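Undergrad: Structure supplied as model_12.txt; contents: compact mmCIF, N, CA and C atoms and all ligand atoms.
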```
# COMPACT_ATOMS: atom_id res chain seq x y z
N MET B 162 -10.17 -2.01 13.09
CA MET B 162 -9.95 -2.00 11.64
C MET B 162 -8.98 -3.12 11.26
N ASP B 163 -9.23 -3.74 10.14
CA ASP B 163 -8.37 -4.82 9.68
C ASP B 163 -7.01 -4.28 9.27
N ASP B 164 -6.01 -5.05 9.59
CA ASP B 164 -4.65 -4.65 9.24
C ASP B 164 -4.29 -5.28 7.90
N ILE B 165 -4.05 -4.44 6.92
CA ILE B 165 -3.71 -4.94 5.59
C ILE B 165 -2.36 -4.41 5.16
N LYS B 166 -1.57 -5.29 4.57
CA LYS B 166 -0.22 -4.91 4.17
C LYS B 166 -0.25 -4.02 2.93
N ASN B 167 0.82 -3.27 2.76
CA ASN B 167 0.93 -2.39 1.60
C ASN B 167 1.18 -3.18 0.32
N CYS B 168 0.99 -2.51 -0.79
CA CYS B 168 1.25 -3.09 -2.10
C CYS B 168 2.67 -3.65 -2.19
N PRO B 169 2.81 -4.91 -2.64
CA PRO B 169 4.15 -5.50 -2.72
C PRO B 169 4.99 -4.93 -3.85
N PHE B 170 4.37 -4.23 -4.78
CA PHE B 170 5.09 -3.73 -5.95
C PHE B 170 5.59 -2.30 -5.76
N CYS B 171 4.77 -1.46 -5.15
CA CYS B 171 5.19 -0.06 -5.03
C CYS B 171 5.24 0.40 -3.58
N GLY B 172 4.74 -0.41 -2.65
CA GLY B 172 4.82 -0.04 -1.24
C GLY B 172 3.75 0.92 -0.77
N HIS B 173 2.86 1.30 -1.69
CA HIS B 173 1.77 2.21 -1.36
C HIS B 173 0.70 1.48 -0.55
N SER B 174 -0.07 2.22 0.24
CA SER B 174 -1.17 1.57 0.95
C SER B 174 -2.26 1.17 -0.04
N VAL B 175 -2.97 0.10 0.26
CA VAL B 175 -3.99 -0.41 -0.65
C VAL B 175 -5.38 -0.25 -0.04
N HIS B 176 -6.39 -0.36 -0.88
CA HIS B 176 -7.78 -0.24 -0.47
C HIS B 176 -8.49 -1.57 -0.68
N VAL B 177 -9.55 -1.78 0.07
CA VAL B 177 -10.36 -2.98 -0.10
C VAL B 177 -11.76 -2.54 -0.44
N LYS B 178 -12.33 -3.15 -1.48
CA LYS B 178 -13.66 -2.78 -1.91
C LYS B 178 -14.43 -4.03 -2.30
N THR B 179 -15.69 -4.07 -1.96
CA THR B 179 -16.51 -5.21 -2.36
C THR B 179 -17.50 -4.76 -3.43
N ILE B 180 -17.42 -5.40 -4.59
CA ILE B 180 -18.30 -5.09 -5.71
C ILE B 180 -19.03 -6.37 -6.10
N VAL B 181 -20.32 -6.30 -6.20
CA VAL B 181 -21.19 -7.45 -6.50
C VAL B 181 -20.72 -8.73 -5.81
N GLY B 182 -20.45 -8.60 -4.53
CA GLY B 182 -20.15 -9.78 -3.71
C GLY B 182 -18.72 -10.28 -3.78
N ILE B 183 -17.91 -9.65 -4.61
CA ILE B 183 -16.50 -10.06 -4.69
C ILE B 183 -15.64 -8.95 -4.11
N THR B 184 -14.78 -9.34 -3.19
CA THR B 184 -13.92 -8.36 -2.53
C THR B 184 -12.61 -8.22 -3.31
N TYR B 185 -12.27 -6.99 -3.61
CA TYR B 185 -11.05 -6.68 -4.33
C TYR B 185 -10.10 -5.90 -3.44
N VAL B 186 -8.82 -6.15 -3.67
CA VAL B 186 -7.79 -5.30 -3.09
C VAL B 186 -7.20 -4.51 -4.24
N TYR B 187 -7.08 -3.21 -4.10
CA TYR B 187 -6.50 -2.44 -5.19
C TYR B 187 -5.59 -1.33 -4.68
N CYS B 188 -4.66 -0.99 -5.57
CA CYS B 188 -3.65 0.02 -5.26
C CYS B 188 -3.84 1.20 -6.21
N ASP B 189 -4.10 2.34 -5.64
CA ASP B 189 -4.28 3.56 -6.44
C ASP B 189 -3.00 3.97 -7.17
N ASN B 190 -1.88 3.65 -6.56
CA ASN B 190 -0.61 4.17 -7.05
C ASN B 190 -0.14 3.46 -8.32
N CYS B 191 -0.16 2.13 -8.33
CA CYS B 191 0.37 1.40 -9.50
C CYS B 191 -0.73 0.66 -10.26
N GLY B 192 -1.95 0.66 -9.72
CA GLY B 192 -3.05 0.05 -10.45
C GLY B 192 -3.24 -1.43 -10.21
N LEU B 193 -2.49 -1.99 -9.29
CA LEU B 193 -2.65 -3.41 -8.97
C LEU B 193 -4.05 -3.70 -8.46
N VAL B 194 -4.66 -4.75 -8.99
CA VAL B 194 -5.96 -5.21 -8.50
C VAL B 194 -5.85 -6.70 -8.23
N ALA B 195 -6.30 -7.13 -7.07
CA ALA B 195 -6.26 -8.55 -6.74
C ALA B 195 -7.61 -8.95 -6.17
N SER B 196 -8.08 -10.12 -6.56
CA SER B 196 -9.29 -10.65 -5.94
C SER B 196 -9.08 -12.14 -5.70
N PHE B 197 -9.73 -12.64 -4.69
CA PHE B 197 -9.61 -14.04 -4.31
C PHE B 197 -11.02 -14.59 -4.23
N ARG B 198 -11.45 -15.18 -5.30
CA ARG B 198 -12.86 -15.55 -5.40
C ARG B 198 -13.28 -16.60 -4.38
N LYS B 199 -12.32 -17.40 -3.95
CA LYS B 199 -12.68 -18.39 -2.93
C LYS B 199 -12.83 -17.74 -1.57
N TYR B 200 -12.35 -16.52 -1.44
CA TYR B 200 -12.36 -15.86 -0.14
C TYR B 200 -13.07 -14.52 -0.27
N GLU B 201 -14.36 -14.60 -0.44
CA GLU B 201 -15.09 -13.39 -0.77
C GLU B 201 -15.38 -12.50 0.43
N ARG B 202 -15.32 -13.09 1.60
CA ARG B 202 -15.53 -12.24 2.77
C ARG B 202 -14.31 -11.36 2.98
N LYS B 203 -14.58 -10.16 3.43
CA LYS B 203 -13.52 -9.16 3.51
C LYS B 203 -12.35 -9.62 4.36
N HIS B 204 -12.63 -10.15 5.54
CA HIS B 204 -11.51 -10.51 6.41
C HIS B 204 -10.71 -11.66 5.82
N GLN B 205 -11.38 -12.57 5.09
CA GLN B 205 -10.66 -13.67 4.45
C GLN B 205 -9.78 -13.16 3.33
N THR B 206 -10.31 -12.21 2.56
CA THR B 206 -9.54 -11.62 1.47
C THR B 206 -8.30 -10.93 2.01
N ILE B 207 -8.47 -10.21 3.11
CA ILE B 207 -7.33 -9.51 3.70
C ILE B 207 -6.28 -10.49 4.22
N GLU B 208 -6.73 -11.57 4.84
CA GLU B 208 -5.78 -12.59 5.30
C GLU B 208 -5.00 -13.15 4.13
N ARG B 209 -5.72 -13.45 3.05
CA ARG B 209 -5.09 -14.04 1.87
C ARG B 209 -4.12 -13.06 1.24
N TRP B 210 -4.53 -11.80 1.18
CA TRP B 210 -3.66 -10.75 0.64
C TRP B 210 -2.37 -10.66 1.45
N ASN B 211 -2.51 -10.65 2.75
CA ASN B 211 -1.34 -10.51 3.61
C ASN B 211 -0.38 -11.69 3.43
N GLU B 212 -0.94 -12.89 3.25
CA GLU B 212 -0.09 -14.06 2.99
C GLU B 212 0.63 -13.91 1.67
N ARG B 213 -0.08 -13.46 0.67
CA ARG B 213 0.46 -13.26 -0.66
C ARG B 213 1.60 -12.23 -0.65
N VAL B 214 1.34 -11.13 0.02
CA VAL B 214 2.35 -10.07 0.09
C VAL B 214 3.61 -10.60 0.76
N GLY B 215 3.42 -11.49 1.73
CA GLY B 215 4.57 -12.08 2.41
C GLY B 215 5.46 -12.90 1.50
N GLU B 216 4.92 -13.32 0.34
CA GLU B 216 5.70 -14.11 -0.59
C GLU B 216 6.67 -13.25 -1.40
N TYR B 217 6.40 -11.98 -1.45
CA TYR B 217 7.27 -11.07 -2.18
C TYR B 217 8.26 -10.43 -1.21
N ASN B 218 9.35 -9.94 -1.75
CA ASN B 218 10.25 -9.15 -0.94
C ASN B 218 9.87 -7.69 -1.08
N VAL B 219 9.19 -7.18 -0.09
CA VAL B 219 8.75 -5.79 -0.15
C VAL B 219 9.89 -4.90 0.32
N ARG B 220 10.26 -3.99 -0.54
CA ARG B 220 11.30 -3.02 -0.16
C ARG B 220 10.64 -1.87 0.56
N SER B 221 11.12 -1.60 1.74
CA SER B 221 10.50 -0.50 2.49
C SER B 221 11.53 0.58 2.81
ZN ZN U 301 1.01 -0.48 -5.85
```
Would you mind writing the file out in structure tokens?
Ligand SMILES: [Zn+2]

TA:
Amino acid sequence: MDDIKNCPFCGHSVHVKTIVGITYVYCDNCGLVASFRKYERKHQTIERWNERVGEYNVRS
């Protein structure tokens, strides 16, 4: 299973879903939705998400 980082805003675990060919990352807890249209494949989206999350200071 792909390792995906938690939401940078609330720290909740996030879900990955592909709708009409676009992969979204979303957080049930705070409603954050992120998509990376250049990276539509799931593993690419997850890589990009993890890089993005690394840019924030996640409080754990
Ligand atoms: Zn969240």

Undergrad: Please identify which residues in chain B DSSP calls strand (DSSP E) from the backbone, and express them as a PyMOL selection string.

TA: chain B and resi 176-180+183-187+194-196

Undergrad: For the residues selected in the previous step, produce a file with N, CA and C atoms as a PDB file, in the coordinates of the input.

TA:
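Output (part23.pdb):
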```pdb
ATOM      1  N   HIS B 176      -6.390  -0.360  -0.880  1.00  0.00           N
ATOM      2  CA  HIS B 176      -7.780  -0.240  -0.470  1.00  0.00           C
ATOM      3  C   HIS B 176      -8.490  -1.570  -0.680  1.00  0.00           C
ATOM      4  N   VAL B 177      -9.550  -1.780   0.070  1.00  0.00           N
ATOM      5  CA  VAL B 177     -10.360  -2.980  -0.100  1.00  0.00           C
ATOM      6  C   VAL B 177     -11.760  -2.540  -0.440  1.00  0.00           C
ATOM      7  N   LYS B 178     -12.330  -3.150  -1.480  1.00  0.00           N
ATOM      8  CA  LYS B 178     -13.660  -2.780  -1.910  1.00  0.00           C
ATOM      9  C   LYS B 178     -14.430  -4.030  -2.300  1.00  0.00           C
ATOM     10  N   THR B 179     -15.690  -4.070  -1.960  1.00  0.00           N
ATOM     11  CA  THR B 179     -16.510  -5.210  -2.360  1.00  0.00           C
ATOM     12  C   THR B 179     -17.500  -4.760  -3.430  1.00  0.00           C
ATOM     13  N   ILE B 180     -17.420  -5.400  -4.590  1.00  0.00           N
ATOM     14  CA  ILE B 180     -18.300  -5.090  -5.710  1.00  0.00           C
ATOM     15  C   ILE B 180     -19.030  -6.370  -6.100  1.00  0.00           C
ATOM     16  N   ILE B 183     -17.910  -9.650  -4.610  1.00  0.00           N
ATOM     17  CA  ILE B 183     -16.500 -10.060  -4.690  1.00  0.00           C
ATOM     18  C   ILE B 183     -15.640  -8.950  -4.110  1.00  0.00           C
ATOM     19  N   THR B 184     -14.780  -9.340  -3.190  1.00  0.00           N
ATOM     20  CA  THR B 184     -13.920  -8.360  -2.530  1.00  0.00           C
ATOM     21  C   THR B 184     -12.610  -8.220  -3.310  1.00  0.00           C
ATOM     22  N   TYR B 185     -12.270  -6.990  -3.610  1.00  0.00           N
ATOM     23  CA  TYR B 185     -11.050  -6.680  -4.330  1.00  0.00           C
ATOM     24  C   TYR B 185     -10.100  -5.900  -3.440  1.00  0.00           C
ATOM     25  N   VAL B 186      -8.820  -6.150  -3.670  1.00  0.00           N
ATOM     26  CA  VAL B 186      -7.790  -5.300  -3.090  1.00  0.00           C
ATOM     27  C   VAL B 186      -7.200  -4.510  -4.240  1.00  0.00           C
ATOM     28  N   TYR B 187      -7.080  -3.210  -4.100  1.00  0.00           N
ATOM     29  CA  TYR B 187      -6.500  -2.440  -5.190  1.00  0.00           C
ATOM     30  C   TYR B 187      -5.590  -1.330  -4.680  1.00  0.00           C
ATOM     31  N   VAL B 194      -4.660  -4.750  -8.990  1.00  0.00           N
ATOM     32  CA  VAL B 194      -5.960  -5.210  -8.500  1.00  0.00           C
ATOM     33  C   VAL B 194      -5.850  -6.700  -8.230  1.00  0.00           C
ATOM     34  N   ALA B 195      -6.300  -7.130  -7.070  1.00  0.00           N
ATOM     35  CA  ALA B 195      -6.260  -8.550  -6.740  1.00  0.00           C
ATOM     36  C   ALA B 195      -7.610  -8.950  -6.170  1.00  0.00           C
ATOM     37  N   SER B 196      -8.080 -10.120  -6.560  1.00  0.00           N
ATOM     38  CA  SER B 196      -9.290 -10.650  -5.940  1.00  0.00           C
ATOM     39  C   SER B 196      -9.080 -12.140  -5.700  1.00  0.00           C
TER      40      SER B 196
END
```

Undergrad: Which is closest to ligand ZN 301 (chain U) among B:Arg209, B:His204, B:Asn190, B:Gly182, if we use all atoms listed in the file?

TA: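 Among the listed residues, B:Asn190 lies closest to ligand ZN 301 (chain U).
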
Undergrad: Please identify all protein, DNA and RNA residues within 6 Å of ligand ZN 301 (chain U), counting all atoms listed in the file, and report them as a ChimeraX atom specification.

TA: /B:168-173,188-193

Undergrad: Rounded to one decimal, what separation in Å do you get between CA of Gly215 (chain B) and atom C of Ile180 (chain B)?

TA: 25.7 Å

Undergrad: By how many Å are CA of Val175 (chain B) and CA of Tyr187 (chain B) apart?

TA: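 Distance between the two atoms: 5.6 Å.
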
Undergrad: What would the list of residues within 8 Å of (-10.2, -12.7, -4.0) (file frame) look like as a list in words, if all atoms listed in the file are what count?

TA: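 Neighbouring residues, ordered by chain and number, come to Ile183, Thr184, Tyr185, Val186, Ala195, Ser196, Phe197, Arg198, Lys199, Tyr200, Glu201, Arg202, Gln205, Thr206, Ile207, Arg209 and Trp210 of chain B.
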
Undergrad: Report, in Å to a single decimal, how far apart CA of Thr179 (chain B) and CA of Asp164 (chain B) are.

TA: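 Between CA of Asp164 (chain B) and CA of Thr179 (chain B) the gap works out to 16.6 Å.
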
Undergrad: With DSSP run on the backbone, what are the alpha helix (DSSP H) residues within chain B? I'd like them as JSON, numbers by chain.

TA: {"B": [203, 204, 205, 206, 207, 208, 209, 210, 211, 212, 213, 214, 215, 216]}
